[in-house]
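Peer 1: Below you'll find input20.pdb; it's PDB, C-alpha atoms.
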ATOM      1  CA  GLY A 150      10.331 -43.638 -40.322  1.00  0.00           C
ATOM      2  CA  HIS A 151       7.034 -42.120 -41.423  1.00  0.00           C
ATOM      3  CA  TYR A 152       6.472 -40.475 -38.057  1.00  0.00           C
ATOM      4  CA  ILE A 153       9.741 -38.522 -38.359  1.00  0.00           C
ATOM      5  CA  LEU A 154      10.050 -38.075 -42.133  1.00  0.00           C
ATOM      6  CA  HIS A 155       6.418 -37.516 -43.092  1.00  0.00           C
ATOM      7  CA  PRO A 156       4.722 -35.862 -40.097  1.00  0.00           C
ATOM      8  CA  ARG A 157       1.926 -34.213 -42.085  1.00  0.00           C
ATOM      9  CA  LYS A 158       0.403 -37.454 -43.254  1.00  0.00           C
ATOM     10  CA  ASP A 159      -2.708 -38.150 -41.159  1.00  0.00           C
ATOM     11  CA  ALA A 160      -2.669 -41.921 -41.527  1.00  0.00           C
ATOM     12  CA  PHE A 161      -0.297 -44.529 -42.827  1.00  0.00           C
ATOM     13  CA  VAL A 162      -1.147 -47.815 -44.511  1.00  0.00           C
ATOM     14  CA  ASP A 163       1.765 -50.234 -44.761  1.00  0.00           C
ATOM     15  CA  PHE A 164       2.806 -51.962 -47.974  1.00  0.00           C
ATOM     16  CA  ARG A 165       0.213 -54.507 -49.042  1.00  0.00           C
ATOM     17  CA  LYS A 166       1.653 -58.017 -49.180  1.00  0.00           C
ATOM     18  CA  ASP A 167      -0.710 -59.107 -51.966  1.00  0.00           C
ATOM     19  CA  ARG A 168       0.917 -56.874 -54.569  1.00  0.00           C
ATOM     20  CA  GLY A 169       3.270 -58.365 -57.115  1.00  0.00           C
ATOM     21  CA  ALA A 170       6.828 -58.943 -55.973  1.00  0.00           C
ATOM     22  CA  THR A 171       8.183 -56.932 -58.884  1.00  0.00           C
ATOM     23  CA  GLU A 172       6.114 -53.869 -58.051  1.00  0.00           C
ATOM     24  CA  LEU A 173       8.269 -50.996 -56.871  1.00  0.00           C
ATOM     25  CA  ARG A 174       7.451 -49.430 -53.545  1.00  0.00           C
ATOM     26  CA  PRO A 175       6.775 -45.703 -53.579  1.00  0.00           C
ATOM     27  CA  PRO A 176       9.752 -43.439 -52.722  1.00  0.00           C
ATOM     28  CA  ARG A 177       8.231 -42.427 -49.365  1.00  0.00           C
ATOM     29  CA  GLU A 178       7.983 -46.088 -48.362  1.00  0.00           C
ATOM     30  CA  ARG A 179      11.590 -46.807 -49.308  1.00  0.00           C
ATOM     31  CA  GLN A 180      12.726 -43.647 -47.510  1.00  0.00           C
ATOM     32  CA  ALA A 181      10.879 -44.618 -44.322  1.00  0.00           C
ATOM     33  CA  ASP A 182      12.267 -48.173 -44.491  1.00  0.00           C
ATOM     34  CA  MET A 183      15.833 -46.905 -44.918  1.00  0.00           C
ATOM     35  CA  PHE A 184      15.433 -44.507 -41.996  1.00  0.00           C
ATOM     36  CA  ALA A 185      14.056 -47.245 -39.745  1.00  0.00           C
ATOM     37  CA  ALA A 186      16.819 -49.679 -40.747  1.00  0.00           C
ATOM     38  CA  ALA A 187      19.532 -47.118 -39.991  1.00  0.00           C
ATOM     39  CA  LEU A 188      17.935 -46.278 -36.658  1.00  0.00           C
ATOM     40  CA  LEU A 189      17.439 -49.878 -35.517  1.00  0.00           C
ATOM     41  CA  MET A 190      20.577 -51.383 -37.087  1.00  0.00           C
ATOM     42  CA  PRO A 191      23.289 -48.690 -37.175  1.00  0.00           C
ATOM     43  CA  ARG A 192      25.885 -49.339 -39.880  1.00  0.00           C
ATOM     44  CA  SER A 193      29.020 -48.898 -37.778  1.00  0.00           C
ATOM     45  CA  GLN A 194      27.845 -51.126 -34.910  1.00  0.00           C
ATOM     46  CA  LEU A 195      26.426 -53.744 -37.246  1.00  0.00           C
ATOM     47  CA  ARG A 196      29.700 -53.937 -39.170  1.00  0.00           C
ATOM     48  CA  LYS A 197      31.591 -54.459 -35.899  1.00  0.00           C
ATOM     49  CA  ASP A 198      29.207 -57.245 -34.945  1.00  0.00           C
ATOM     50  CA  ILE A 199      29.556 -58.855 -38.377  1.00  0.00           C
ATOM     51  CA  ARG A 200      33.352 -58.908 -38.013  1.00  0.00           C
ATOM     52  CA  LYS A 201      33.001 -60.590 -34.593  1.00  0.00           C
ATOM     53  CA  LEU A 202      30.340 -63.137 -35.506  1.00  0.00           C
ATOM     54  CA  ALA A 203      30.891 -63.925 -39.180  1.00  0.00           C
ATOM     55  CA  LYS A 204      34.358 -65.463 -39.206  1.00  0.00           C
ATOM     56  CA  ASP A 205      33.235 -67.915 -41.902  1.00  0.00           C
ATOM     57  CA  GLY A 206      30.932 -65.517 -43.735  1.00  0.00           C
ATOM     58  CA  VAL A 207      27.439 -64.257 -43.093  1.00  0.00           C
ATOM     59  CA  THR A 208      25.438 -67.429 -42.685  1.00  0.00           C
ATOM     60  CA  GLU A 209      21.766 -67.859 -41.824  1.00  0.00           C
ATOM     61  CA  THR A 210      22.815 -68.562 -38.228  1.00  0.00           C
ATOM     62  CA  VAL A 211      24.761 -65.294 -38.051  1.00  0.00           C
ATOM     63  CA  THR A 212      21.839 -63.420 -39.571  1.00  0.00           C
ATOM     64  CA  ASP A 213      19.470 -64.930 -37.005  1.00  0.00           C
ATOM     65  CA  MET A 214      21.837 -64.043 -34.146  1.00  0.00           C
ATOM     66  CA  LEU A 215      22.100 -60.462 -35.369  1.00  0.00           C
ATOM     67  CA  ALA A 216      18.317 -60.192 -35.715  1.00  0.00           C
ATOM     68  CA  VAL A 217      17.901 -61.243 -32.088  1.00  0.00           C
ATOM     69  CA  ARG A 218      20.678 -58.917 -30.944  1.00  0.00           C
ATOM     70  CA  TYR A 219      19.077 -55.894 -32.650  1.00  0.00           C
ATOM     71  CA  GLY A 220      15.487 -56.872 -31.876  1.00  0.00           C
ATOM     72  CA  VAL A 221      14.366 -56.972 -35.507  1.00  0.00           C
ATOM     73  CA  SER A 222      12.878 -59.628 -37.750  1.00  0.00           C
ATOM     74  CA  GLU A 223      15.153 -61.997 -39.643  1.00  0.00           C
ATOM     75  CA  GLU A 224      13.791 -60.557 -42.892  1.00  0.00           C
ATOM     76  CA  ALA A 225      14.636 -57.000 -41.826  1.00  0.00           C
ATOM     77  CA  MET A 226      18.167 -58.090 -40.894  1.00  0.00           C
ATOM     78  CA  ARG A 227      18.647 -59.931 -44.201  1.00  0.00           C
ATOM     79  CA  ILE A 228      17.607 -56.835 -46.146  1.00  0.00           C
ATOM     80  CA  ARG A 229      19.888 -54.607 -44.060  1.00  0.00           C
ATOM     81  CA  LEU A 230      22.835 -56.957 -44.563  1.00  0.00           C
ATOM     82  CA  ILE A 231      22.225 -57.150 -48.307  1.00  0.00           C
ATOM     83  CA  ASN A 232      22.230 -53.350 -48.496  1.00  0.00           C
ATOM     84  CA  LEU A 233      25.342 -53.004 -46.323  1.00  0.00           C
ATOM     85  CA  LEU A 234      27.403 -55.727 -47.944  1.00  0.00           C
ATOM     86  CA  ARG A 235      26.863 -54.928 -51.607  1.00  0.00           C
TER      87      ARG A 235
END
Translate the structure described by the file into C-alpha cells.

Peer 2:
Amino acid sequence: GHYILHPRKDAFVDFRKDRGATELRPPRERQADMFAAALLMPRSQLRKDIRKLAKDGVTETVTDMLAVRYGVSEEAMRIRLINLLR
C-alpha cells in the first residue's frame, strides 16, 4: 500500500508491535493497510466465497480456509472479515 499510495517516502518502518494495543495507528498506516486488504482480498470475490463456505456462519475454520485461499495470514483475513461484515 505504501509503495502505491506514498511513493515519495524514502523508507518505511512497519507498525511496532511493542506499542500499546489501544494506540491508534497513523492515518497513512491505516490507509496503506486498507489498500493492501482490498487488493489482496477483493470485497466482491470474498463475499462470494463467504456465501459458498460459511453456510453455518463464519467460523474459525472458514476464516482459515479463506486465508489459505487468498494467500494471507489468518489475522489479516480476520480483520478483513470484521471490516466487511460489520

Peer 1: Using all atoms listed in the file, which of A:Gln180, A:Glu223, A:Thr210, A:Leu234 sits nearest A:Leu195?

Peer 2: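 With all atoms listed in the file as the atom set, the closest residue is A:Leu234.
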
Peer 1: Please compute the atom CA of A:Val207-atom CA of A:Met183 distance, one decimal, in Å.

Peer 2: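 About the pair atom CA of A:Val207 and atom CA of A:Met183: they are 21.0 Å apart.
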
Peer 1: For A:Glu209, which residue among A:His155, A:Leu230, A:Pro191, A:Arg179 is the nearest when counting all atoms listed in the file?

Peer 2: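 The answer is A:Leu230, which sits nearest to A:Glu209.
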
Peer 1: Find the residues near A:Thr212: any atom within 10 Å, counting only C-alpha atoms, skip ones fewer than 4 places away on the same chain, and give them as a list in words.

Peer 2: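 Near neighbours after the sequence-gap exclusion: Ile199, Leu202, Ala203, Val207, Thr208, Ala216, Val217, Arg218, Ser222, Glu223, Glu224, Ala225, Met226, Arg227 and Leu230 of chain A.
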
Peer 1: What does the distance between atom CA of A:Met214 and atom CA of A:Leu188 come to in Å, to one decimal place?

Peer 2: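 If I compute the distance from atom CA of A:Met214 to atom CA of A:Leu188, I get 18.4 Å.
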
Peer 1: Of the candidates A:Arg235, A:Val221, A:Asp205, A:His151, which one gets nearest to A:Ala186 if we count all atoms listed in the file?

Peer 2: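 The shortest atom-to-atom distance to A:Ala186 comes from A:Val221.
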
Peer 1: Quote the spacing between atom CA of A:Asp213 and atom CA of A:Lys201 in Å to one decimal place.

Peer 2: 14.4 Å

Peer 1: Written as a PyMOL selection string, which residues does the PyMOL selection byres ((chain A and resi 181) around 12) give for the file shown?

Peer 2: chain A and resi 150-156+161+163-164+174-180+182-188

Peer 1: Edge lengths and centre in Å to one decimal, as JSON, is what I'm after for the box along x, y and z that holds all listed atoms of stretch 199-204 of chain A once 5 Å is added on each side.

Peer 2:
{"center_x": 32.0, "center_y": -62.2, "center_z": -36.9, "size_x": 14.8, "size_y": 16.6, "size_z": 14.6}

Peer 1: Provide stretch 191-206 of chain A rebuilt to N, CA, C and O atoms, formatted as a short mmCIF file (atom, residue, chain, number, x, y, z; two decimals), in the frame of the given file.

Peer 2:
data_model
loop_
_atom_site.label_atom_id
_atom_site.label_comp_id
_atom_site.auth_asym_id
_atom_site.auth_seq_id
_atom_site.Cartn_x
_atom_site.Cartn_y
_atom_site.Cartn_z
N PRO A 191 22.28 -49.66 -36.73
CA PRO A 191 23.29 -48.69 -37.17
C PRO A 191 24.46 -49.36 -37.90
O PRO A 191 24.98 -50.38 -37.45
N ARG A 192 24.85 -48.78 -39.01
CA ARG A 192 25.88 -49.34 -39.88
C ARG A 192 27.18 -49.64 -39.14
O ARG A 192 27.70 -50.75 -39.23
N SER A 193 27.71 -48.69 -38.40
CA SER A 193 29.02 -48.90 -37.78
C SER A 193 28.98 -50.02 -36.74
O SER A 193 29.87 -50.87 -36.71
N GLN A 194 27.95 -50.06 -35.91
CA GLN A 194 27.84 -51.13 -34.91
C GLN A 194 27.59 -52.47 -35.55
O GLN A 194 28.16 -53.49 -35.17
N LEU A 195 26.74 -52.49 -36.57
CA LEU A 195 26.43 -53.74 -37.25
C LEU A 195 27.67 -54.31 -37.92
O LEU A 195 27.94 -55.51 -37.85
N ARG A 196 28.46 -53.46 -38.53
CA ARG A 196 29.70 -53.94 -39.17
C ARG A 196 30.66 -54.52 -38.14
O ARG A 196 31.31 -55.54 -38.40
N LYS A 197 30.75 -53.91 -36.97
CA LYS A 197 31.59 -54.46 -35.90
C LYS A 197 31.09 -55.84 -35.50
O LYS A 197 31.88 -56.77 -35.31
N ASP A 198 29.79 -55.96 -35.33
CA ASP A 198 29.21 -57.24 -34.94
C ASP A 198 29.41 -58.30 -36.02
O ASP A 198 29.66 -59.47 -35.72
N ILE A 199 29.33 -57.91 -37.27
CA ILE A 199 29.56 -58.86 -38.38
C ILE A 199 30.99 -59.37 -38.32
O ILE A 199 31.23 -60.58 -38.44
N ARG A 200 31.95 -58.48 -38.10
CA ARG A 200 33.35 -58.91 -38.01
C ARG A 200 33.56 -59.90 -36.86
O ARG A 200 34.33 -60.85 -36.99
N LYS A 201 32.87 -59.69 -35.75
CA LYS A 201 33.00 -60.59 -34.59
C LYS A 201 32.34 -61.94 -34.83
O LYS A 201 32.88 -62.97 -34.45
N LEU A 202 31.16 -61.92 -35.42
CA LEU A 202 30.34 -63.14 -35.51
C LEU A 202 30.51 -63.93 -36.80
O LEU A 202 30.25 -65.13 -36.82
N ALA A 203 30.91 -63.28 -37.86
CA ALA A 203 30.89 -63.92 -39.18
C ALA A 203 32.29 -64.29 -39.65
O ALA A 203 32.72 -63.90 -40.73
N LYS A 204 32.99 -65.05 -38.84
CA LYS A 204 34.36 -65.46 -39.21
C LYS A 204 34.37 -66.28 -40.49
O LYS A 204 35.31 -66.22 -41.26
N ASP A 205 33.32 -67.07 -40.70
CA ASP A 205 33.24 -67.92 -41.90
C ASP A 205 32.21 -67.39 -42.89
O ASP A 205 31.65 -68.15 -43.68
N GLY A 206 31.91 -66.11 -42.84
CA GLY A 206 30.93 -65.52 -43.74
C GLY A 206 29.60 -65.30 -43.03
O GLY A 206 29.38 -65.79 -41.93
#
